[in-house]
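Data from coords30.cif: mmCIF, C-alpha atoms and all ligand atoms
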data_upload
loop_
_atom_site.label_atom_id
_atom_site.label_comp_id
_atom_site.auth_asym_id
_atom_site.auth_seq_id
_atom_site.Cartn_x
_atom_site.Cartn_y
_atom_site.Cartn_z
CA MET A 1 0.00 0.00 0.00
CA LYS A 2 1.34 3.41 -0.99
CA ASN A 3 2.47 5.58 1.97
CA SER A 4 1.54 2.81 4.40
CA ASN A 5 4.65 3.41 6.53
CA LYS A 6 4.01 7.10 6.84
CA TYR A 7 2.47 8.93 9.77
CA VAL A 8 -0.50 11.25 9.48
CA ARG A 9 -0.40 14.63 11.18
CA MET A 10 -3.11 17.23 11.58
CA PHE A 11 -1.88 20.70 10.62
CA SER A 12 -1.00 22.29 13.95
CA ASN A 13 -3.73 24.93 13.55
CA CYS A 14 -6.37 22.22 12.98
CA ILE A 15 -7.38 20.94 16.38
CA PRO A 16 -10.00 18.28 17.10
CA VAL A 17 -12.13 18.85 20.23
CA LEU A 18 -14.21 16.09 21.73
CA GLY A 19 -17.82 16.76 22.68
CA ARG A 20 -20.47 14.65 24.36
CA ASP A 21 -22.51 13.86 21.24
CA LYS A 22 -20.20 15.03 18.48
CA SER A 23 -16.81 16.60 17.98
CA VAL A 24 -15.42 19.50 16.03
CA ILE A 25 -12.17 20.24 14.24
CA TYR A 26 -11.25 23.89 14.79
CA ASP A 27 -9.30 25.33 11.87
CA LEU A 28 -7.75 28.29 13.66
CA GLN A 29 -6.07 29.72 10.59
CA ARG A 30 -8.98 29.61 8.17
CA LYS A 31 -11.31 30.48 11.08
CA GLN A 32 -13.75 27.70 10.35
CA MET A 33 -14.96 24.48 11.92
CA PHE A 34 -15.77 20.99 10.75
CA ASN A 35 -18.34 18.91 12.60
CA ILE A 36 -17.18 15.32 12.95
CA PRO A 37 -18.53 12.23 14.73
CA ASN A 38 -16.82 11.20 17.97
CA ASP A 39 -15.61 8.06 16.18
CA LEU A 40 -13.56 10.23 13.86
CA TYR A 41 -12.18 12.15 16.85
CA ASN A 42 -11.04 8.85 18.40
CA PHE A 43 -9.65 7.75 15.05
CA ILE A 44 -7.51 10.91 14.88
CA GLN A 45 -6.00 10.04 18.27
CA LEU A 46 -4.45 6.95 16.62
CA PHE A 47 -2.27 9.24 14.47
CA GLU A 48 -0.15 10.00 17.50
CA GLU A 49 1.60 6.62 17.63
CA HIS A 50 0.68 4.63 14.55
CA THR A 51 1.52 4.51 10.87
CA ILE A 52 -1.20 4.30 8.23
CA SER A 53 -0.85 0.54 7.86
CA GLU A 54 -0.98 0.06 11.64
CA ILE A 55 -4.16 2.12 11.78
CA PHE A 56 -5.80 -0.04 9.12
CA GLU A 57 -4.77 -3.11 11.07
CA LEU A 58 -6.01 -1.74 14.41
CA CYS A 59 -9.40 -0.82 12.95
CA GLY A 60 -9.84 -4.26 11.39
CA LYS A 61 -10.93 -5.55 7.98
CA ASP A 62 -14.61 -4.80 8.63
CA ASN A 63 -13.90 -1.08 9.01
CA GLU A 64 -11.57 -0.72 6.04
CA GLN A 65 -14.01 1.37 4.03
CA VAL A 66 -14.75 3.70 6.95
CA VAL A 67 -11.01 4.19 7.55
CA GLU A 68 -10.53 5.08 3.89
CA GLU A 69 -13.43 7.52 4.04
CA TYR A 70 -12.02 9.16 7.17
CA PHE A 71 -8.59 9.59 5.55
CA GLN A 72 -10.28 10.91 2.42
CA PHE A 73 -12.33 13.44 4.38
CA LEU A 74 -9.30 14.76 6.26
CA THR A 75 -7.26 15.04 3.05
CA ASN A 76 -10.04 16.69 1.05
CA LYS A 77 -10.56 19.30 3.74
CA GLU A 78 -6.78 19.93 3.82
CA LEU A 79 -6.55 19.10 7.51
CA THR A 80 -3.75 16.53 7.41
CA PHE A 81 -0.41 15.77 5.82
CA LEU A 82 1.90 12.74 5.73
CA ILE A 83 5.38 12.46 7.19
CA ASP A 84 8.08 9.90 7.84
CA LYS A 85 9.05 8.69 11.29
CA ASP A 86 12.27 10.71 11.39
CA GLU A 87 10.29 13.89 10.65
CA LEU A 88 7.83 13.56 13.55
CA GLU A 89 9.77 15.88 15.83
CA LEU A 90 9.85 18.58 13.19
CA PHE A 91 6.13 19.24 13.61
CA PRO A 92 5.36 20.10 17.23
CA LYS A 93 1.86 20.89 18.44
CA LEU A 94 0.66 24.49 18.58
CA SER A 95 1.51 26.09 21.89
CA MET A 96 -1.56 26.64 24.06
CA LYS A 97 0.11 29.44 26.02
CA TRP A 98 -1.90 32.64 26.06
CA ARG A 99 -0.58 35.90 27.40
CA SER A 100 -1.78 39.46 27.17
CA PRO A 101 0.19 42.47 28.35
CA ALA A 102 -3.09 44.31 29.04
CA LYS A 103 -4.64 44.45 32.50
CA ILE A 104 -7.94 45.23 30.79
CA SER A 105 -8.42 44.29 27.15
CA ASN A 106 -12.04 45.24 26.55
CA ALA A 107 -14.60 47.56 28.09
CA ILE A 108 -18.33 48.04 27.92
CA ILE A 109 -19.45 51.59 28.68
CA GLU A 110 -22.98 52.91 28.98
CA ILE A 111 -22.92 56.43 27.59
CA SER A 112 -25.10 58.69 29.71
CA GLU A 113 -25.31 62.23 31.10
CA THR A 114 -22.92 61.05 33.83
CA THR A 115 -20.38 59.07 31.80
CA TYR A 116 -20.23 61.16 28.61
CA PRO A 117 -18.59 64.19 30.31
CA LEU A 118 -16.05 61.75 31.80
CA PHE A 119 -15.38 60.00 28.49
CA GLU A 120 -11.87 61.37 27.96
CA LYS A 121 -10.86 60.44 31.50
CA ILE A 122 -12.35 56.94 31.11
CA VAL A 123 -10.53 56.36 27.81
CA ALA A 124 -7.25 57.65 29.25
CA TYR A 125 -7.55 55.25 32.24
CA LEU A 126 -8.57 52.33 30.07
CA THR A 127 -5.84 52.78 27.50
CA ALA A 128 -3.28 53.07 30.32
CA LEU A 129 -4.53 49.65 31.43
CA GLY A 130 -3.99 48.32 27.90
CA CYS A 131 -7.61 48.35 26.70
CA GLU A 132 -8.06 48.41 22.92
CA TYR A 133 -11.67 47.30 22.44
CA LEU A 134 -14.68 49.41 23.38
CA TYR A 135 -18.34 48.44 23.32
CA LEU A 136 -20.41 51.59 23.76
CA LYS A 137 -24.10 51.47 24.59
CA ILE A 138 -25.93 54.68 23.84
CA ASP A 139 -29.51 55.33 24.82
CA ALA A 140 -30.13 58.96 23.94
CA PRO A 141 -32.33 60.84 21.46
CA LYS A 142 -29.33 62.36 19.62
CA SER A 143 -27.29 59.18 19.57
CA PHE A 144 -25.86 59.74 16.10
CA LEU A 145 -24.34 63.07 17.13
CA LEU A 146 -22.92 61.47 20.27
CA MET A 147 -21.31 58.73 18.20
CA LYS A 148 -19.76 61.31 15.91
CA ASN A 149 -18.34 63.24 18.86
CA ILE A 150 -17.06 60.08 20.50
CA MET A 151 -15.19 59.06 17.35
CA GLU A 152 -13.63 62.52 17.24
CA LYS A 153 -12.50 62.16 20.86
CA LEU A 154 -10.92 58.79 19.99
CA THR A 155 -8.94 60.13 17.01
CA THR A 156 -5.57 60.07 18.75
CA SER A 157 -6.30 57.31 21.27
CA ALA A 158 -4.87 53.78 21.25
CA ILE A 159 -8.36 52.28 20.95
CA PHE A 160 -8.27 49.78 18.11
CA SER A 161 -11.91 48.83 17.71
CA VAL A 162 -15.28 50.31 18.65
CA VAL A 163 -18.71 48.69 18.65
CA PHE A 164 -21.79 50.85 19.15
CA GLU A 165 -25.18 49.72 20.33
CA THR A 166 -27.79 52.40 19.84
CA PRO A 167 -31.47 52.88 19.06
CA PHE A 168 -32.31 54.18 15.60
CA ASN A 169 -34.08 57.43 16.45
CA LYS A 170 -36.85 59.16 14.55
CA GLY A 171 -35.58 61.57 11.89
CA GLU A 172 -32.16 59.89 11.60
CA LYS A 173 -30.86 58.68 8.24
CA ILE A 174 -29.16 55.33 7.83
CA THR A 175 -26.85 56.86 5.22
CA ASP A 176 -25.36 59.05 7.99
CA TYR A 177 -24.38 55.92 9.92
CA GLU A 178 -22.92 54.41 6.75
CA GLN A 179 -20.88 57.57 6.17
CA LEU A 180 -19.65 57.52 9.78
CA ILE A 181 -18.35 53.99 9.23
CA VAL A 182 -16.60 54.98 6.00
CA GLU A 183 -14.88 57.85 7.80
CA ASN A 184 -13.92 55.81 10.88
CA LYS A 185 -12.14 52.54 10.20
CA ARG A 186 -12.08 51.79 13.91
CA ILE A 187 -15.84 51.23 14.01
CA GLU A 188 -16.19 47.48 13.90
CA THR A 189 -19.97 47.23 14.18
CA ILE A 190 -23.02 49.39 14.83
CA PHE A 191 -25.96 47.53 16.30
CA LEU A 192 -28.97 49.64 15.37
CA LEU A 193 -31.95 48.76 17.51
CA SER A 194 -35.16 49.26 15.57
CA ASP A 195 -38.44 47.52 14.87
CA GLU A 196 -38.58 49.25 11.47
CA GLN A 197 -37.65 47.31 8.33
CA LEU A 198 -34.45 49.25 7.63
CA LYS A 199 -32.04 48.50 4.80
CA THR A 200 -28.31 49.20 4.70
CA SER A 201 -25.49 48.61 2.25
CA SER A 202 -22.93 48.41 5.07
CA SER A 203 -21.93 44.99 6.42
CA LYS A 204 -20.88 46.73 9.63
CA ILE A 205 -24.42 47.87 10.46
CA LEU A 206 -26.59 45.23 12.04
CA ILE A 207 -30.22 46.13 12.41
CA THR A 208 -31.96 44.18 15.11
CA SER A 209 -35.18 44.42 17.08
CA PRO A 210 -34.52 45.61 20.66
CA LYS A 211 -36.61 42.66 21.91
CA ARG A 212 -34.64 40.05 20.02
CA PHE A 213 -31.25 41.68 20.27
CA VAL A 214 -28.42 39.60 18.89
CA ASN A 215 -29.36 36.07 18.13
CA LYS A 216 -26.81 35.29 15.49
CA LYS A 217 -24.13 32.71 16.06
CA GLU A 218 -21.28 34.90 14.78
CA TYR A 219 -21.66 37.18 17.82
CA PHE A 220 -21.10 34.35 20.28
CA PHE A 221 -18.80 31.97 18.40
CA LYS A 222 -15.41 33.01 17.15
CA ILE A 223 -12.75 30.67 15.81
CA ASN A 224 -9.24 32.02 16.10
CA ILE A 225 -5.96 31.21 17.81
CA SER A 226 -6.24 33.95 20.41
CA LEU A 227 -9.69 32.93 21.65
CA PHE A 228 -8.88 29.21 21.49
CA THR A 229 -5.73 29.57 23.58
CA GLU A 230 -7.28 32.08 26.01
CA SER A 231 -10.23 29.75 26.60
CA GLN A 232 -7.90 26.92 27.72
CA LYS A 233 -7.48 28.73 31.03
CA TYR A 234 -9.80 31.73 31.11
CA ASN A 235 -13.42 32.68 30.74
CA THR A 236 -13.33 34.52 27.43
CA TYR A 237 -16.27 36.75 28.30
CA PHE A 238 -15.28 37.95 31.79
CA ASN A 239 -11.50 37.84 31.46
CA LYS A 240 -9.87 41.29 31.38
CA LYS A 241 -13.22 43.02 30.92
CA VAL A 242 -14.53 46.12 32.70
CA PHE A 243 -18.03 47.52 32.62
CA ILE A 244 -18.88 51.15 33.40
CA ASN A 245 -22.61 51.60 33.87
CA LYS A 246 -24.61 54.75 33.21
CA GLU A 247 -24.10 55.99 36.78
CA GLY A 248 -20.35 55.57 36.41
CA GLY A 249 -20.29 52.39 38.52
CA VAL A 250 -17.34 50.07 37.85
CA LEU A 251 -18.10 46.35 37.51
CA ASN A 252 -16.47 43.37 35.83
CA ALA A 253 -19.37 43.00 33.37
CA PRO A 254 -23.02 44.04 32.94
CA GLU A 255 -24.07 40.59 34.13
CA THR A 256 -22.12 40.72 37.43
CA GLU A 257 -23.40 42.36 40.60
CA GLU A 258 -20.37 43.51 42.61
CA LEU A 259 -19.74 47.24 42.36
CA PHE A 260 -16.13 48.44 42.66
CA GLY A 261 -16.54 52.20 43.09
CA ASN A 262 -17.43 54.99 40.71
CA ILE A 263 -15.28 56.11 37.81
CA ALA A 264 -16.07 59.76 38.63
CA ARG A 265 -14.22 59.47 41.93
CA LEU A 266 -11.59 56.80 41.28
CA THR A 267 -8.02 57.86 40.59
CA PHE A 268 -6.08 55.83 38.06
CA LYS A 269 -4.12 54.10 40.83
CA GLU A 270 -7.35 53.17 42.59
CA LEU A 271 -8.87 51.77 39.39
CA GLU A 272 -5.69 49.80 38.76
CA ALA A 273 -5.88 48.37 42.28
CA VAL A 274 -9.52 47.40 41.64
CA VAL A 275 -8.76 45.49 38.44
CA ASP A 276 -5.75 43.83 40.09
CA SER A 277 -7.90 42.58 42.98
CA GLU A 278 -8.91 38.95 43.39
CA GLN A 279 -12.53 39.97 43.90
CA PHE A 280 -12.70 41.84 40.57
CA GLN A 281 -11.09 38.86 38.79
CA LYS A 282 -13.42 36.35 40.46
CA TYR A 283 -14.85 35.00 37.17
CA TRP A 284 -11.78 35.39 34.95
CA SER A 285 -10.39 31.89 35.39
CA ILE A 286 -13.68 29.98 35.33
CA ASN A 287 -13.28 28.62 31.84
CA LYS A 288 -15.75 26.34 30.08
CA ASP A 289 -13.72 23.24 31.00
CA VAL A 290 -14.82 23.59 34.63
CA ILE A 291 -18.49 24.50 34.07
CA ASP A 292 -20.88 21.55 34.22
CA GLU A 293 -22.95 22.34 31.14
CA CYS A 294 -20.01 23.34 28.97
CA LYS A 295 -17.18 20.99 29.84
CA ASP A 296 -18.29 18.36 27.34
CA CYS A 297 -19.54 20.79 24.69
CA GLU A 298 -17.44 20.72 21.53
CA LEU A 299 -17.96 24.49 21.08
CA ARG A 300 -16.33 25.41 24.39
CA TYR A 301 -13.18 26.94 22.87
CA MET A 302 -15.06 29.22 20.48
CA CYS A 303 -17.95 30.24 22.70
CA VAL A 304 -18.20 33.68 24.35
CA ASP A 305 -21.24 32.99 26.52
CA ASN A 306 -22.05 35.79 28.98
CA ARG A 307 -23.85 33.89 31.74
CA VAL A 308 -22.42 34.23 35.23
CA PRO A 309 -21.25 30.86 36.58
CA LYS A 310 -22.30 29.87 40.12
CA GLN A 311 -20.39 27.54 42.41
CA SER A 312 -22.06 24.65 44.24
CA LYS A 313 -21.15 23.56 47.77
CA GLY A 314 -19.23 20.68 46.20
CA GLY A 315 -17.06 23.19 44.33
CA ASN A 316 -18.23 22.62 40.76
CA TYR A 317 -19.49 25.46 38.58
CA PHE A 318 -22.88 25.58 36.91
CA PHE A 319 -25.37 27.96 35.30
CA THR A 320 -28.86 28.59 36.59
CA SER A 321 -30.26 28.91 33.04
CA LYS A 322 -30.07 26.56 30.09
CA CYS A 323 -27.71 27.23 27.18
CA GLU A 324 -29.51 28.75 24.21
CA LEU A 325 -26.37 29.13 22.12
CA ARG A 326 -25.82 25.55 21.03
CA ALA A 327 -29.03 25.74 19.03
CA LEU A 328 -27.59 28.64 17.01
CA ASN A 329 -24.71 26.56 15.75
S1 LIG B 1 -22.53 28.09 26.64
FE1 LIG B 1 -23.57 26.51 25.44
S2 LIG B 1 -22.54 26.57 23.43
FE2 LIG B 1 -21.23 27.64 24.87
S3 LIG B 1 -19.79 26.10 25.59
FE3 LIG B 1 -21.49 26.16 27.06
S4 LIG B 1 -22.92 24.58 26.37
FE4 LIG B 1 -21.51 25.03 24.65
#
For this file, produce the structure as structure tokens.
Ligand code: SF4
Amino acid sequence: MKNSNKYVRMFSNCIPVLGRDKSVIYDLQRKQMFNIPNDLYNFIQLFEEHTISEIFELCGKDNEQVVEEYFQFLTNKELTFLIDKDELELFPKLSMKWRSPAKISNAIIEISETTYPLFEKIVAYLTALGCEYLYLKIDAPKSFLLMKNIMEKLTTSAIFSVVFETPFNKGEKITDYEQLIVENKRIETIFLLSDEQLKTSSSKILITSPKRFVNKKEYFFKINISLFTESQKYNTYFNKKVFINKEGGVLNAPETEELFGNIARLTFKELEAVVDSEQFQKYWSINKDVIDECKDCELRYMCVDNRVPKQSKGGNYFFTSKCELRALN
């Protein structure tokens, strides 16, 4: 048999993850996933120690056709390659180490009469903590003007990406939002909350009913190396996040309850001490691998679920509501 003494290797960025009912191969470079049966996941584990001919032998004559189909599938999807024994060491696995120099990487801010006048101070504090991603919730009649002003204030800041969530107010024109996006490359998305049937030519504007806000899988599932490696040890929603509510209150996230002072009164050093504290980072390390409902879900390294995990007396983590995200995928 041709190549029978060769070993099969998955490309290091193609990583199979076992789930309870099915598995998934994450392609971290092409940012896509392949659903596979658990049998194929177990089959891939044989690659570690066995040559192609050994694998055929281990699986037995009866399964010859299935083995061929599995190899064919992996080759067709460009997930594997063949190597000789003496080349095995040349292809190490992708490192799962994840590090970020930022103390805070992303922030959610409710823009209000209290927080808007403090916006420059907030951005200065956040960027000093390493934050590059802002999610700004605006609930004001002149939201478009506010957005324009905010983008002007950010012109020379180190903020890399901005997402707005705002109602579409009477008298506003969608073309103005489109123009704002054209003029500001840092705007990643504008969620326009409206029950009207609006149309836009911009892929960065997402029109959604306020009652059914965000129910698309691409908002909760992201396949990339950074998220995959971060989720090995951290909760990718709560980790390095800060939330500033409309009163200026500082929290880890909108879903958490503990208040850590008010941004109007905190000095930078005090805010830094807050985000360094164990209490503020309470949820950061509770990754999906330790949460009951998620630990055997094949989507756990791409999922940015925002539910707050609770801890039982026995020490395990759980959610009080049922996952609605799996159904989106
Ligand atoms: S929240 Fe749902 S989709 Fe996400 S990892 Fe947990 S069970 Fe899976």
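With all atoms listed in the file as the atoms that count, the residue of A:Leu193, A:Val275, A:Val24, A:Ile15 with the shortest distance to ligand LIG 1 (chain B) is A:Val24.
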Just the residues within 9 Å of segment 65-73 of chain A, please, counting all atoms listed in the file, with nothing from its chain fewer than 4 positions along; format it as a list in words.
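Selected residues are Leu40, Phe43, Ile55, Phe56, Cys59, Lys61, Lys77, Glu78, Leu79 and Thr80 of chain A.
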The centre and edge lengths of an axis-aligned box containing all atoms of ligand LIG 1 (chain B) present in the file, extended by 8 Å on each side, are to be given in Å to one decimal, as JSON.
{"center_x": -21.7, "center_y": 26.3, "center_z": 25.2, "size_x": 19.8, "size_y": 19.5, "size_z": 19.6}
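Closest approach to Asn35 of chain A from the set A:Ser100, A:Ser285, A:Ser23, A:Asn262 is made by A:Ser23, with distances taken over only C-alpha atoms.
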Work out how far atom CA of Met10 of chain A is from atom CA of Gln32 of chain A, in Å to one decimal.
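Atom CA of Gln32 of chain A sits 15.0 Å away from atom CA of Met10 of chain A.
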Dump as JSON lines the rows for residues of chain A within 9 Å of ligand LIG 1 (chain B): closest atom pair and distance in Å with one decimal, all atoms listed in the file counted, ordered by chain and rising residue number.
{"residue": "A:Phe220", "atom": "CA", "partner": "B:LIG1", "partner_atom": "FE2", "distance": 8.1}
{"residue": "A:Phe221", "atom": "CA", "partner": "B:LIG1", "partner_atom": "FE2", "distance": 8.2}
{"residue": "A:Lys288", "atom": "CA", "partner": "B:LIG1", "partner_atom": "S3", "distance": 6.0}
{"residue": "A:Asp289", "atom": "CA", "partner": "B:LIG1", "partner_atom": "S3", "distance": 8.6}
{"residue": "A:Ile291", "atom": "CA", "partner": "B:LIG1", "partner_atom": "FE3", "distance": 7.8}
{"residue": "A:Asp292", "atom": "CA", "partner": "B:LIG1", "partner_atom": "FE3", "distance": 8.5}
{"residue": "A:Glu293", "atom": "CA", "partner": "B:LIG1", "partner_atom": "S4", "distance": 5.3}
{"residue": "A:Cys294", "atom": "CA", "partner": "B:LIG1", "partner_atom": "FE3", "distance": 3.7}
{"residue": "A:Lys295", "atom": "CA", "partner": "B:LIG1", "partner_atom": "S3", "distance": 7.1}
{"residue": "A:Asp296", "atom": "CA", "partner": "B:LIG1", "partner_atom": "S4", "distance": 7.8}
{"residue": "A:Cys297", "atom": "CA", "partner": "B:LIG1", "partner_atom": "FE4", "distance": 4.7}
{"residue": "A:Glu298", "atom": "CA", "partner": "B:LIG1", "partner_atom": "FE4", "distance": 6.7}
{"residue": "A:Leu299", "atom": "CA", "partner": "B:LIG1", "partner_atom": "FE4", "distance": 5.1}
{"residue": "A:Arg300", "atom": "CA", "partner": "B:LIG1", "partner_atom": "S3", "distance": 3.7}
{"residue": "A:Tyr301", "atom": "CA", "partner": "B:LIG1", "partner_atom": "S3", "distance": 7.2}
{"residue": "A:Met302", "atom": "CA", "partner": "B:LIG1", "partner_atom": "S3", "distance": 7.6}
{"residue": "A:Cys303", "atom": "CA", "partner": "B:LIG1", "partner_atom": "FE2", "distance": 4.7}
{"residue": "A:Val304", "atom": "CA", "partner": "B:LIG1", "partner_atom": "FE2", "distance": 6.8}
{"residue": "A:Asp305", "atom": "CA", "partner": "B:LIG1", "partner_atom": "S1", "distance": 5.1}
{"residue": "A:Asn306", "atom": "CA", "partner": "B:LIG1", "partner_atom": "S1", "distance": 8.1}
{"residue": "A:Arg307", "atom": "CA", "partner": "B:LIG1", "partner_atom": "S1", "distance": 7.8}
{"residue": "A:Lys322", "atom": "CA", "partner": "B:LIG1", "partner_atom": "FE1", "distance": 8.0}
{"residue": "A:Cys323", "atom": "CA", "partner": "B:LIG1", "partner_atom": "FE1", "distance": 4.5}
{"residue": "A:Glu324", "atom": "CA", "partner": "B:LIG1", "partner_atom": "FE1", "distance": 6.5}
{"residue": "A:Leu325", "atom": "CA", "partner": "B:LIG1", "partner_atom": "S2", "distance": 4.8}
{"residue": "A:Arg326", "atom": "CA", "partner": "B:LIG1", "partner_atom": "S2", "distance": 4.2}
{"residue": "A:Ala327", "atom": "CA", "partner": "B:LIG1", "partner_atom": "S2", "distance": 7.9}
{"residue": "A:Leu328", "atom": "CA", "partner": "B:LIG1", "partner_atom": "S2", "distance": 8.4}
{"residue": "A:Asn329", "atom": "CA", "partner": "B:LIG1", "partner_atom": "S2", "distance": 8.0}
How far is it from atom CA of Thr166 of chain A to atom CA of Ile138 of chain A, in Å with one decimal?
5.0 Å
Tell me which protein, DNA and RNA residues are within 10 Å of Ser161 of chain A, counting only C-alpha atoms, leaving out same-chain ones fewer than 3 positions away, and put them as a list in words.
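Non-adjacent residues within range: Asn106, Cys131, Glu132, Tyr133, Leu134, Tyr135, Ala158, Asn184, Lys185, Arg186, Ile187, Glu188 and Thr189 of chain A.
Put simply, atom CA of Thr208 of chain A is 18.9 Å away from atom CA of Leu180 of chain A.
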Closest to Ala128 of chain A among A:Arg20, A:Lys103, A:Lys142, A:Lys93, using only C-alpha atoms?
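With only C-alpha atoms as the atom set, the closest residue is A:Lys103.
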Using all atoms listed in the file, which protein or nucleic acid residues come within 9 Å of Leu251 of chain A? Drop anything in the same chain fewer than 6 positions from it, and give the result as an mmCIF file with C-alpha atoms, in the coordinates of the input.
data_model
loop_
_atom_site.group_PDB
_atom_site.id
_atom_site.type_symbol
_atom_site.label_atom_id
_atom_site.label_comp_id
_atom_site.auth_asym_id
_atom_site.auth_seq_id
_atom_site.Cartn_x
_atom_site.Cartn_y
_atom_site.Cartn_z
ATOM 1 C CA LYS A 241 -13.220 43.020 30.920
ATOM 2 C CA VAL A 242 -14.530 46.120 32.700
ATOM 3 C CA PHE A 243 -18.030 47.520 32.620
ATOM 4 C CA ILE A 244 -18.880 51.150 33.400
ATOM 5 C CA ASN A 245 -22.610 51.600 33.870
ATOM 6 C CA GLU A 257 -23.400 42.360 40.600
ATOM 7 C CA GLU A 258 -20.370 43.510 42.610
ATOM 8 C CA LEU A 259 -19.740 47.240 42.360
ATOM 9 C CA PHE A 260 -16.130 48.440 42.660
ATOM 10 C CA GLY A 261 -16.540 52.200 43.090
ATOM 11 C CA PHE A 280 -12.700 41.840 40.570
#
Name all residues at most 6 Å from Trp284 of chain A (count only C-alpha atoms; drop same-chain ones fewer than 3 positions away) and give them as JSON, numbers by chain.
{"A": [234, 235, 238, 239, 281]}
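Using only C-alpha atoms, the contacts of segment 170-172 of chain A at a cut-off of 9 Å, with sequence neighbours closer than 3 positions omitted, comprise A:Pro141, A:Lys142, A:Phe144, A:Thr175, A:Asp176, A:Tyr177.
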Of the listed residues A:Arg9, A:Lys222, A:Lys173, A:Lys313, that which approaches Gln45 of chain A most closely, counting all atoms listed in the file
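Checking each of A:Arg9, A:Lys222, A:Lys173, A:Lys313 against Gln45 of chain A, counting all atoms listed in the file, the winner is A:Arg9.
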Rank nothing, just name the residue among A:Phe228, A:Ile263, A:Asn287, A:Glu255 nearest to Ser95 of chain A, using only C-alpha atoms.
A:Phe228
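If you count only C-alpha atoms and draw a sphere of 9 Å around (-3.7, 51.5, 26.6), the protein and nucleic acid residues inside it come out as Ala102, Ile104, Ser105, Val123, Ala124, Tyr125, Leu126, Thr127, Ala128, Leu129, Gly130, Cys131, Glu132, Ser157, Ala158 and Ile159 of chain A.
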Measuring atom to atom with all atoms listed in the file, identify which of A:Val17, A:Ile190, A:Ala273, A:Leu227 is nearest to Asn38 of chain A.
A:Val17
Completion step: segment 142-154 of chain A with N, CA and C atoms as a PDB file, keeping the file's coordinate frame:
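Full text of result28.pdb as output:
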ATOM      1  N   LYS A 142     -30.262  61.893  20.683  1.00  0.00           N
ATOM      2  CA  LYS A 142     -29.330  62.360  19.620  1.00  0.00           C
ATOM      3  C   LYS A 142     -28.129  61.411  19.552  1.00  0.00           C
ATOM      4  N   SER A 143     -28.398  60.135  19.468  1.00  0.00           N
ATOM      5  CA  SER A 143     -27.290  59.180  19.570  1.00  0.00           C
ATOM      6  C   SER A 143     -26.290  59.310  18.427  1.00  0.00           C
ATOM      7  N   PHE A 144     -26.788  59.649  17.221  1.00  0.00           N
ATOM      8  CA  PHE A 144     -25.860  59.740  16.100  1.00  0.00           C
ATOM      9  C   PHE A 144     -24.808  60.826  16.351  1.00  0.00           C
ATOM     10  N   LEU A 145     -25.287  61.977  16.852  1.00  0.00           N
ATOM     11  CA  LEU A 145     -24.340  63.070  17.130  1.00  0.00           C
ATOM     12  C   LEU A 145     -23.331  62.663  18.197  1.00  0.00           C
ATOM     13  N   LEU A 146     -23.822  61.942  19.207  1.00  0.00           N
ATOM     14  CA  LEU A 146     -22.920  61.470  20.270  1.00  0.00           C
ATOM     15  C   LEU A 146     -21.847  60.552  19.692  1.00  0.00           C
ATOM     16  N   MET A 147     -22.276  59.658  18.812  1.00  0.00           N
ATOM     17  CA  MET A 147     -21.310  58.730  18.200  1.00  0.00           C
ATOM     18  C   MET A 147     -20.248  59.499  17.425  1.00  0.00           C
ATOM     19  N   LYS A 148     -20.700  60.486  16.691  1.00  0.00           N
ATOM     20  CA  LYS A 148     -19.760  61.310  15.910  1.00  0.00           C
ATOM     21  C   LYS A 148     -18.726  61.967  16.833  1.00  0.00           C
ATOM     22  N   ASN A 149     -19.249  62.568  17.913  1.00  0.00           N
ATOM     23  CA  ASN A 149     -18.340  63.240  18.860  1.00  0.00           C
ATOM     24  C   ASN A 149     -17.385  62.254  19.512  1.00  0.00           C
ATOM     25  N   ILE A 150     -17.911  61.091  19.853  1.00  0.00           N
ATOM     26  CA  ILE A 150     -17.060  60.080  20.500  1.00  0.00           C
ATOM     27  C   ILE A 150     -15.922  59.670  19.561  1.00  0.00           C
ATOM     28  N   MET A 151     -16.243  59.463  18.282  1.00  0.00           N
ATOM     29  CA  MET A 151     -15.190  59.060  17.350  1.00  0.00           C
ATOM     30  C   MET A 151     -14.142  60.169  17.202  1.00  0.00           C
ATOM     31  N   GLU A 152     -14.598  61.413  17.288  1.00  0.00           N
ATOM     32  CA  GLU A 152     -13.630  62.520  17.240  1.00  0.00           C
ATOM     33  C   GLU A 152     -12.702  62.484  18.457  1.00  0.00           C
ATOM     34  N   LYS A 153     -13.300  62.216  19.619  1.00  0.00           N
ATOM     35  CA  LYS A 153     -12.500  62.160  20.860  1.00  0.00           C
ATOM     36  C   LYS A 153     -11.487  60.999  20.808  1.00  0.00           C
ATOM     37  N   LEU A 154     -11.811  59.972  20.030  1.00  0.00           N
ATOM     38  CA  LEU A 154     -10.920  58.790  19.990  1.00  0.00           C
ATOM     39  C   LEU A 154      -9.821  58.920  18.919  1.00  0.00           C
TER      40      LEU A 154
END
